[in-house]
$ cat target08.cif   # mmCIF, C-alpha atoms
data_work
#
loop_
_atom_site.label_atom_id
_atom_site.label_comp_id
_atom_site.auth_asym_id
_atom_site.auth_seq_id
_atom_site.Cartn_x
_atom_site.Cartn_y
_atom_site.Cartn_z
CA MET A 274 6.90 63.81 136.95
CA ASN A 275 6.15 63.07 133.32
CA LYS A 276 7.67 59.96 131.81
CA PRO A 277 10.23 60.57 129.03
CA THR A 278 9.19 59.39 125.59
CA ALA A 279 10.88 58.24 122.39
CA ILE A 280 9.66 57.71 118.83
CA VAL A 281 11.20 54.89 116.80
CA VAL A 282 10.18 54.82 113.13
CA GLY A 283 10.83 51.81 110.95
CA VAL A 284 10.22 49.01 113.44
CA GLY A 285 9.79 45.55 111.96
CA ALA A 286 10.77 42.13 113.26
CA GLU A 287 11.48 41.60 116.95
CA GLN A 288 15.04 40.66 116.04
CA GLY A 289 15.82 43.87 114.18
CA VAL A 290 17.50 47.19 114.85
CA GLY A 291 14.28 49.15 115.31
CA ALA A 292 12.89 46.72 117.86
CA ALA A 293 16.22 46.59 119.72
CA VAL A 294 16.29 50.39 119.95
CA CYS A 295 12.73 50.35 121.31
CA ARG A 296 13.73 47.85 123.99
CA ARG A 297 16.86 49.80 124.94
CA PHE A 298 15.04 53.09 125.46
CA ALA A 299 12.19 51.34 127.28
CA ALA A 300 14.72 49.74 129.62
CA GLU A 301 15.84 53.24 130.61
CA GLY A 302 12.31 54.27 131.53
CA HIS A 303 11.08 55.77 128.26
CA HIS A 304 7.60 55.30 126.93
CA VAL A 305 8.29 54.21 123.35
CA PHE A 306 6.08 54.89 120.35
CA VAL A 307 6.74 51.83 118.19
CA ALA A 308 6.08 52.96 114.61
CA GLY A 309 6.09 50.68 111.60
CA ARG A 310 4.11 49.60 108.55
CA THR A 311 3.01 46.15 109.76
CA GLN A 312 0.53 46.06 112.64
CA ALA A 313 1.35 42.51 113.73
CA LYS A 314 5.07 43.23 113.97
CA ILE A 315 4.82 46.44 115.96
CA ASP A 316 2.21 44.83 118.22
CA ARG A 317 4.67 42.04 119.06
CA VAL A 318 7.48 44.48 119.79
CA ALA A 319 5.28 46.62 122.03
CA ARG A 320 3.85 43.57 123.81
CA ALA A 321 7.32 42.21 124.56
CA ILE A 322 8.27 45.54 126.15
CA LEU A 323 5.08 45.59 128.22
CA ASP A 324 5.70 42.01 129.33
CA ARG A 325 9.08 43.10 130.69
CA GLY A 326 7.51 45.89 132.68
CA GLY A 327 8.30 48.64 130.18
CA SER A 328 6.04 51.19 128.54
CA ALA A 329 5.27 51.18 124.82
CA GLU A 330 2.49 51.59 122.30
CA PRO A 331 2.36 50.58 118.66
CA VAL A 332 1.46 53.25 116.11
CA LEU A 333 0.82 52.00 112.58
CA THR A 334 2.79 54.39 110.38
CA ASP A 335 3.87 54.41 106.76
CA ALA A 336 6.75 56.87 107.00
CA THR A 337 6.43 57.75 103.30
CA ASP A 338 2.96 59.17 103.98
CA GLU A 339 3.16 62.78 105.20
CA ALA A 340 -0.23 62.68 106.93
CA GLN A 341 0.65 59.52 108.83
CA VAL A 342 3.98 60.93 110.01
CA ILE A 343 2.29 64.12 111.22
CA ARG A 344 -0.35 62.03 113.01
CA LEU A 345 2.38 60.01 114.74
CA PHE A 346 4.05 63.16 116.08
CA ASP A 347 0.70 64.67 117.05
CA ARG A 348 0.02 61.55 119.11
CA ALA A 349 3.45 61.65 120.74
CA MET A 350 3.10 65.36 121.57
CA ALA A 351 -0.44 65.10 122.94
CA PRO A 352 -0.68 66.14 126.58
CA GLY A 353 -1.87 63.74 129.21
CA ASP A 354 -1.10 60.15 130.23
CA ARG A 355 1.72 61.53 132.42
CA LEU A 356 3.97 61.49 129.34
CA GLY A 357 6.40 64.22 128.42
CA PRO A 358 7.09 65.30 124.83
CA PRO A 359 9.61 63.09 123.01
CA ASP A 360 13.27 63.68 123.75
CA ALA A 361 14.47 61.12 121.18
CA VAL A 362 13.43 60.33 117.61
CA VAL A 363 15.00 57.47 115.66
CA PHE A 364 14.51 56.95 111.93
CA ASN A 365 15.30 53.37 110.95
CA ALA A 366 13.21 52.74 107.83
CA GLY A 367 14.89 51.32 104.75
CA ASN A 368 14.95 48.56 102.18
CA ASN A 369 17.90 46.91 100.51
CA ARG A 370 18.59 44.30 97.87
CA ARG A 371 21.02 43.83 95.03
CA ILE A 372 19.56 44.56 91.58
CA ASP A 373 21.36 44.80 88.26
CA PHE A 374 21.31 48.49 87.29
CA ARG A 375 19.78 47.61 83.92
CA ASP A 376 16.84 45.96 85.68
CA VAL A 377 16.02 48.84 88.02
CA GLU A 378 12.62 50.16 86.95
CA ALA A 379 11.80 53.80 87.55
CA THR A 380 9.05 52.96 90.02
CA LEU A 381 11.40 50.72 92.01
CA PHE A 382 14.09 53.40 92.14
CA GLU A 383 11.52 55.89 93.38
CA ASP A 384 10.26 53.44 96.01
CA PHE A 385 13.79 53.01 97.42
CA TRP A 386 14.16 56.79 97.55
CA ARG A 387 10.77 57.30 99.19
CA VAL A 388 11.45 54.75 101.93
CA GLY A 389 15.13 55.49 102.51
CA CYS A 390 15.32 59.27 102.01
CA PHE A 391 11.96 61.01 101.61
CA ALA A 392 10.55 59.29 104.70
CA GLY A 393 13.62 60.40 106.64
CA PHE A 394 13.00 63.98 105.55
CA LEU A 395 9.39 63.79 106.75
CA VAL A 396 10.37 62.36 110.13
CA GLY A 397 13.27 64.79 110.51
CA ARG A 398 11.11 67.78 109.61
CA GLU A 399 8.40 66.87 112.10
CA ALA A 400 11.03 66.19 114.77
CA ALA A 401 12.52 69.66 114.19
CA ARG A 402 9.12 71.33 114.25
CA ARG A 403 8.29 69.76 117.61
CA LEU A 404 11.71 69.73 119.33
CA VAL A 405 13.24 73.09 118.38
CA PRO A 406 10.73 75.06 120.49
CA LEU A 407 11.81 72.87 123.43
CA SER A 408 15.53 73.50 122.76
CA ARG A 409 16.41 69.86 123.39
CA GLY A 410 16.16 66.40 121.90
CA THR A 411 18.03 63.79 119.87
CA VAL A 412 17.30 62.76 116.28
CA ILE A 413 19.15 59.68 115.00
CA PHE A 414 19.14 58.40 111.41
CA THR A 415 20.20 54.86 110.50
CA GLY A 416 22.61 54.93 107.57
CA ALA A 417 24.67 52.28 105.80
CA SER A 418 27.98 51.88 104.02
CA ALA A 419 25.93 52.80 100.93
CA SER A 420 25.59 56.27 102.45
CA LEU A 421 29.23 56.76 101.44
CA ARG A 422 29.67 54.69 98.28
CA GLY A 423 27.65 53.07 95.55
CA LYS A 424 28.58 49.43 94.99
CA PRO A 425 27.58 47.44 91.89
CA GLY A 426 23.94 46.45 92.05
CA PHE A 427 23.03 48.93 94.78
CA ALA A 428 22.55 52.22 92.92
CA GLN A 429 18.93 52.52 94.08
CA PHE A 430 19.88 51.91 97.71
CA ALA A 431 22.98 54.11 97.69
CA ALA A 432 21.11 57.04 96.15
CA ALA A 433 18.53 56.91 98.94
CA LYS A 434 21.05 56.48 101.74
CA ALA A 435 23.37 59.19 100.46
CA GLY A 436 20.40 61.55 100.30
CA LEU A 437 19.42 60.67 103.86
CA ARG A 438 22.94 61.45 105.01
CA MET A 439 22.69 64.92 103.51
CA VAL A 440 19.36 65.48 105.24
CA ALA A 441 21.02 64.54 108.55
CA GLN A 442 24.01 66.83 107.92
CA SER A 443 21.83 69.78 107.01
CA MET A 444 19.66 69.27 110.07
CA ALA A 445 22.68 68.97 112.36
CA ARG A 446 24.17 72.23 111.10
CA GLU A 447 20.87 74.09 111.29
CA PHE A 448 19.51 72.81 114.58
CA GLY A 449 22.56 71.81 116.59
CA PRO A 450 23.07 75.41 117.78
CA GLN A 451 19.41 75.35 118.86
CA GLY A 452 19.95 72.38 121.16
CA ILE A 453 18.93 69.50 118.87
CA HIS A 454 21.47 66.67 118.61
CA VAL A 455 21.24 65.14 115.13
CA ALA A 456 23.30 62.00 114.48
CA HIS A 457 23.82 59.66 111.54
CA VAL A 458 24.87 56.04 112.23
CA ILE A 459 26.60 54.19 109.39
CA ILE A 460 25.89 50.46 109.65
CA ASP A 461 28.74 48.81 107.72
CA GLY A 462 28.11 45.08 107.50
CA GLY A 463 25.42 42.48 107.78
CA ILE A 464 23.03 42.75 110.72
CA ASP A 465 22.40 39.64 112.78
CA GLY A 466 18.63 39.81 112.69
CA ASP A 467 15.59 38.05 111.33
CA ARG A 468 15.75 39.69 107.89
CA LEU A 469 19.28 38.59 106.99
CA ARG A 470 19.00 35.15 108.57
CA ALA A 471 15.82 34.51 106.58
CA SER A 472 17.07 35.88 103.25
CA ALA A 473 20.73 34.78 103.37
CA PRO A 474 21.22 32.00 105.94
CA GLU A 475 24.37 30.75 104.20
CA MET A 476 26.03 34.14 104.51
CA ALA A 477 25.06 34.42 108.15
CA ALA A 478 26.57 31.01 108.88
CA ALA A 479 29.74 31.79 106.92
CA ARG A 480 30.42 34.97 108.91
CA GLY A 481 30.84 32.97 112.10
CA ALA A 482 30.92 34.27 115.65
CA ASP A 483 30.69 38.07 115.86
CA GLY A 484 30.94 38.33 112.08
CA LEU A 485 27.63 40.18 111.91
CA LEU A 486 26.52 43.31 113.71
CA GLY A 487 24.55 42.48 116.84
CA ILE A 488 21.27 44.36 117.14
CA GLU A 489 21.61 44.95 120.87
CA PRO A 490 25.10 46.51 120.57
CA ILE A 491 23.76 48.77 117.80
CA ALA A 492 20.93 49.85 120.10
CA GLU A 493 23.45 50.48 122.87
CA THR A 494 25.26 52.93 120.60
CA TYR A 495 22.01 54.76 119.89
CA TRP A 496 21.38 55.11 123.61
CA HIS A 497 24.96 56.35 124.14
CA ILE A 498 24.48 59.01 121.45
CA HIS A 499 21.27 60.14 123.13
CA ARG A 500 23.05 60.47 126.47
CA GLN A 501 26.09 62.39 125.23
CA PRO A 502 26.70 65.75 126.93
CA ARG A 503 26.33 68.60 124.47
CA SER A 504 29.93 69.68 125.00
CA ALA A 505 30.98 66.55 123.03
CA TRP A 506 28.33 65.47 120.54
CA THR A 507 28.84 62.85 117.86
CA HIS A 508 27.28 63.63 114.51
CA GLU A 509 28.43 60.58 112.55
CA ILE A 510 29.66 57.21 113.71
CA ASP A 511 30.32 53.98 111.84
CA LEU A 512 29.71 50.51 113.24
CA ARG A 513 31.01 47.24 111.82
CA PRO A 514 31.95 43.75 112.99
CA PHE A 515 35.65 43.31 113.78
CA LYS A 516 35.93 40.95 110.79
CA GLU A 517 34.46 43.40 108.29
CA PRO A 518 36.95 44.85 105.76
CA PHE A 519 36.73 48.55 105.06
#

$ encode --input "target08.cif" --output "structure tokens"
Amino acid sequence: MNKPTAIVVGVGAEQGVGAAVCRRFAAEGHHVFVAGRTQAKIDRVARAILDRGGSAEPVLTDATDEAQVIRLFDRAMAPGDRLGPPDAVVFNAGNNRRIDFRDVEATLFEDFWRVGCFAGFLVGREAARRLVPLSRGTVIFTGASASLRGKPGFAQFAAAKAGLRMVAQSMAREFGPQGIHVAHVIIDGGIDGDRLRASAPEMAAARGADGLLGIEPIAETYWHIHRQPRSAWTHEIDLRPFKEPF
């Protein structure tokens, strides 16, 4: 029997959402294609999975590059190695920082859009091209509270995330009836991972116990979405720490 496979795009630090999702799917027996822009980081994530007895391979991928995204899916769909075609695709790429609107240069705005929205379109399109003929599969997009509202200093991020949300909605309406489960996960709050703890250690400390979103619980939600019976699919879900106002 072929081993199930999953593609996770936007994998960075070991203590990050992308890496946690890779570990969660690997723990359930999936071979995981660990895709990200930094070879050293995806190598570490894949090696940690292999060391635990799981199955994974790193695939260097800039998700804003159409050719690289196509190559990633070609690799995942290639026959052989006792691997089945992917039944789960997760898009987790994104960048975020506060910038005064007056200081947002055109090239920076475009870069946020390319990483947060355009890359999601490329991954979603390739997922649809490969999964629709199979009439099954899950595609999950990582969103943020900025998917719903633009806060001061985050216009560039909100524009990208709102666009990604519309891509997810359009895909869900088009391909849901064809057996493809498309979901959008709104992450509302700080994530307790390497990025935040390195860039804002004071904030992380101030939030206290369970004041940040745990990466493993986020990954658990992704796995739950993937396992939902099609008689009761979730399209959009929001996750936040119990202390987070909303």

$ closest_residue --input "target08.cif" --among "A:Leu437, A:Val412, A:Ile491, A:Ala478" --to "His508 (chain A)" --atoms "all atoms listed in the file"
A:Val412

$ closest_atom_pairs --input "target08.cif" --of "region 417-499 of chain A" --to "region 363-371 of chain A" --cutoff "7 Å" --atoms "only C-alpha atoms" --output "tab-separated table"
residue	atom	partner	partner_atom	distance
A:Gly426	CA	A:Arg371	CA	4.9
A:Phe427	CA	A:Arg371	CA	5.5
A:Phe430	CA	A:Asn369	CA	6.1

$ residues_around --input "target08.cif" --residues "Pro518 (chain A)" --least-positions-apart "4" --cutoff "12 Å" --atoms "all atoms listed in the file" --output "ChimeraX atom specification"
/A:418,461-463,484,512-514

$ residues_around --input "target08.cif" --residues "Ser504 (chain A)" --least-positions-apart "6" --cutoff "12 Å" --atoms "all atoms listed in the file" --output "VMD selection string"
chain A and resid 449 to 450 452 454

$ resolve_selection --input "target08.cif" --expression "the PyMOL selection byres ((chain A and resi 460) around 12)" --output "tab-separated table (two decimals) with C-alpha atoms, keeping the file's coordinate frame"
chain	number	residue	atom	x	y	z
A	290	VAL	CA	17.50	47.19	114.85
A	365	ASN	CA	15.30	53.37	110.95
A	414	PHE	CA	19.14	58.40	111.41
A	415	THR	CA	20.20	54.86	110.50
A	416	GLY	CA	22.61	54.93	107.57
A	417	ALA	CA	24.67	52.28	105.80
A	418	SER	CA	27.98	51.88	104.02
A	419	ALA	CA	25.93	52.80	100.93
A	420	SER	CA	25.59	56.27	102.45
A	421	LEU	CA	29.23	56.76	101.44
A	434	LYS	CA	21.05	56.48	101.74
A	457	HIS	CA	23.82	59.66	111.54
A	458	VAL	CA	24.87	56.04	112.23
A	459	ILE	CA	26.60	54.19	109.39
A	461	ASP	CA	28.74	48.81	107.72
A	462	GLY	CA	28.11	45.08	107.50
A	463	GLY	CA	25.42	42.48	107.78
A	464	ILE	CA	23.03	42.75	110.72
A	465	ASP	CA	22.40	39.64	112.78
A	485	LEU	CA	27.63	40.18	111.91
A	486	LEU	CA	26.52	43.31	113.71
A	487	GLY	CA	24.55	42.48	116.84
A	488	ILE	CA	21.27	44.36	117.14
A	490	PRO	CA	25.10	46.51	120.57
A	491	ILE	CA	23.76	48.77	117.80
A	492	ALA	CA	20.93	49.85	120.10
A	494	THR	CA	25.26	52.93	120.60
A	495	TYR	CA	22.01	54.76	119.89
A	509	GLU	CA	28.43	60.58	112.55
A	510	ILE	CA	29.66	57.21	113.71
A	511	ASP	CA	30.32	53.98	111.84
A	512	LEU	CA	29.71	50.51	113.24
A	513	ARG	CA	31.01	47.24	111.82
A	514	PRO	CA	31.95	43.75	112.99
A	517	GLU	CA	34.46	43.40	108.29
A	519	PHE	CA	36.73	48.55	105.06

$ closest_residue --input "target08.cif" --among "A:Ala433, A:Ala482, A:Ala400, A:Ile322" --to "Val455 (chain A)" --atoms "all atoms listed in the file"
A:Ala400

$ residues_near_point --input "target08.cif" --point "(18.4, 47.7, 121.8)" --cutoff "12 Å" --atoms "only C-alpha atoms" --output "PyMOL selection string"
chain A and resi 281+284+287-301+318+322+487-497

$ write_last_selection --input "target08.cif" --atoms "C-alpha atoms" --output "JSON list (two decimals), keeping the file's coordinate frame"
[["chain", "number", "residue", "atom", "x", "y", "z"],
["A", 281, "VAL", "CA", 11.20, 54.89, 116.80],
["A", 284, "VAL", "CA", 10.22, 49.01, 113.44],
["A", 287, "GLU", "CA", 11.48, 41.60, 116.95],
["A", 288, "GLN", "CA", 15.04, 40.66, 116.04],
["A", 289, "GLY", "CA", 15.82, 43.87, 114.18],
["A", 290, "VAL", "CA", 17.50, 47.19, 114.85],
["A", 291, "GLY", "CA", 14.28, 49.15, 115.31],
["A", 292, "ALA", "CA", 12.89, 46.72, 117.86],
["A", 293, "ALA", "CA", 16.22, 46.59, 119.72],
["A", 294, "VAL", "CA", 16.29, 50.39, 119.95],
["A", 295, "CYS", "CA", 12.73, 50.35, 121.31],
["A", 296, "ARG", "CA", 13.73, 47.85, 123.99],
["A", 297, "ARG", "CA", 16.86, 49.80, 124.94],
["A", 298, "PHE", "CA", 15.04, 53.09, 125.46],
["A", 299, "ALA", "CA", 12.19, 51.34, 127.28],
["A", 300, "ALA", "CA", 14.72, 49.74, 129.62],
["A", 301, "GLU", "CA", 15.84, 53.24, 130.61],
["A", 318, "VAL", "CA", 7.48, 44.48, 119.79],
["A", 322, "ILE", "CA", 8.27, 45.54, 126.15],
["A", 487, "GLY", "CA", 24.55, 42.48, 116.84],
["A", 488, "ILE", "CA", 21.27, 44.36, 117.14],
["A", 489, "GLU", "CA", 21.61, 44.95, 120.87],
["A", 490, "PRO", "CA", 25.10, 46.51, 120.57],
["A", 491, "ILE", "CA", 23.76, 48.77, 117.80],
["A", 492, "ALA", "CA", 20.93, 49.85, 120.10],
["A", 493, "GLU", "CA", 23.45, 50.48, 122.87],
["A", 494, "THR", "CA", 25.26, 52.93, 120.60],
["A", 495, "TYR", "CA", 22.01, 54.76, 119.89],
["A", 496, "TRP", "CA", 21.38, 55.11, 123.61],
["A", 497, "HIS", "CA", 24.96, 56.35, 124.14]]

$ resolve_selection --input "target08.cif" --expression "the PyMOL selection byres ((chain A and resi 439-444) around 7)" --output "PyMOL selection string"
chain A and resi 394+435-438+445-448+455-457

$ resolve_selection --input "target08.cif" --expression "the PyMOL selection byres ((chain A and resi 383) around 12)" --output "number ranges by chain"
A: 337, 368, 377-382, 384-392, 428-430, 432-433

$ write_last_selection --input "target08.cif" --atoms "C-alpha atoms" --output "compact mmCIF listing (two decimals), in the coordinates of the input"
# COMPACT_ATOMS: atom_id res chain seq x y z
CA THR A 337 6.43 57.75 103.30
CA ASN A 368 14.95 48.56 102.18
CA VAL A 377 16.02 48.84 88.02
CA GLU A 378 12.62 50.16 86.95
CA ALA A 379 11.80 53.80 87.55
CA THR A 380 9.05 52.96 90.02
CA LEU A 381 11.40 50.72 92.01
CA PHE A 382 14.09 53.40 92.14
CA ASP A 384 10.26 53.44 96.01
CA PHE A 385 13.79 53.01 97.42
CA TRP A 386 14.16 56.79 97.55
CA ARG A 387 10.77 57.30 99.19
CA VAL A 388 11.45 54.75 101.93
CA GLY A 389 15.13 55.49 102.51
CA CYS A 390 15.32 59.27 102.01
CA PHE A 391 11.96 61.01 101.61
CA ALA A 392 10.55 59.29 104.70
CA ALA A 428 22.55 52.22 92.92
CA GLN A 429 18.93 52.52 94.08
CA PHE A 430 19.88 51.91 97.71
CA ALA A 432 21.11 57.04 96.15
CA ALA A 433 18.53 56.91 98.94

$ residues_around --input "target08.cif" --residues "region 311-317 of chain A" --least-positions-apart "4" --cutoff "9 Å" --atoms "only C-alpha atoms" --output "list in words"
Val284, Gly285, Ala286, Glu287, Ala292, Val307, Ala321, Ile322, Glu330, Pro331, Val332, Leu333, Thr334 and Asp335 of chain A

$ atom_distance --input "target08.cif" --atom1 "CA of Ala505 (chain A)" --atom2 "CA of Thr278 (chain A)"
23.1 Å

$ atom_distance --input "target08.cif" --atom1 "CA of Gly393 (chain A)" --atom2 "CA of Leu323 (chain A)"
27.5 Å

$ atom_distance --input "target08.cif" --atom1 "CA of Gly326 (chain A)" --atom2 "CA of Pro277 (chain A)"
15.4 Å

$ closest_atom_pairs --input "target08.cif" --of "region 399-465 of chain A" --to "region 346-354 of chain A" --cutoff "10 Å" --atoms "all atoms listed in the file" --output "CSV"
residue,atom,partner,partner_atom,distance
A:Glu399,CA,A:Phe346,CA,7.0
A:Ala400,CA,A:Phe346,CA,7.7
A:Arg402,CA,A:Phe346,CA,9.8
A:Arg403,CA,A:Met350,CA,7.9
A:Leu404,CA,A:Met350,CA,9.9

$ closest_residue --input "target08.cif" --among "A:Arg468, A:Arg409, A:Arg503, A:Arg325" --to "Ile453 (chain A)" --atoms "all atoms listed in the file"
A:Arg409

$ closest_residue --input "target08.cif" --among "A:Ala319, A:Ile372, A:Val396, A:Ala401" --to "Ala336 (chain A)" --atoms "all atoms listed in the file"
A:Val396
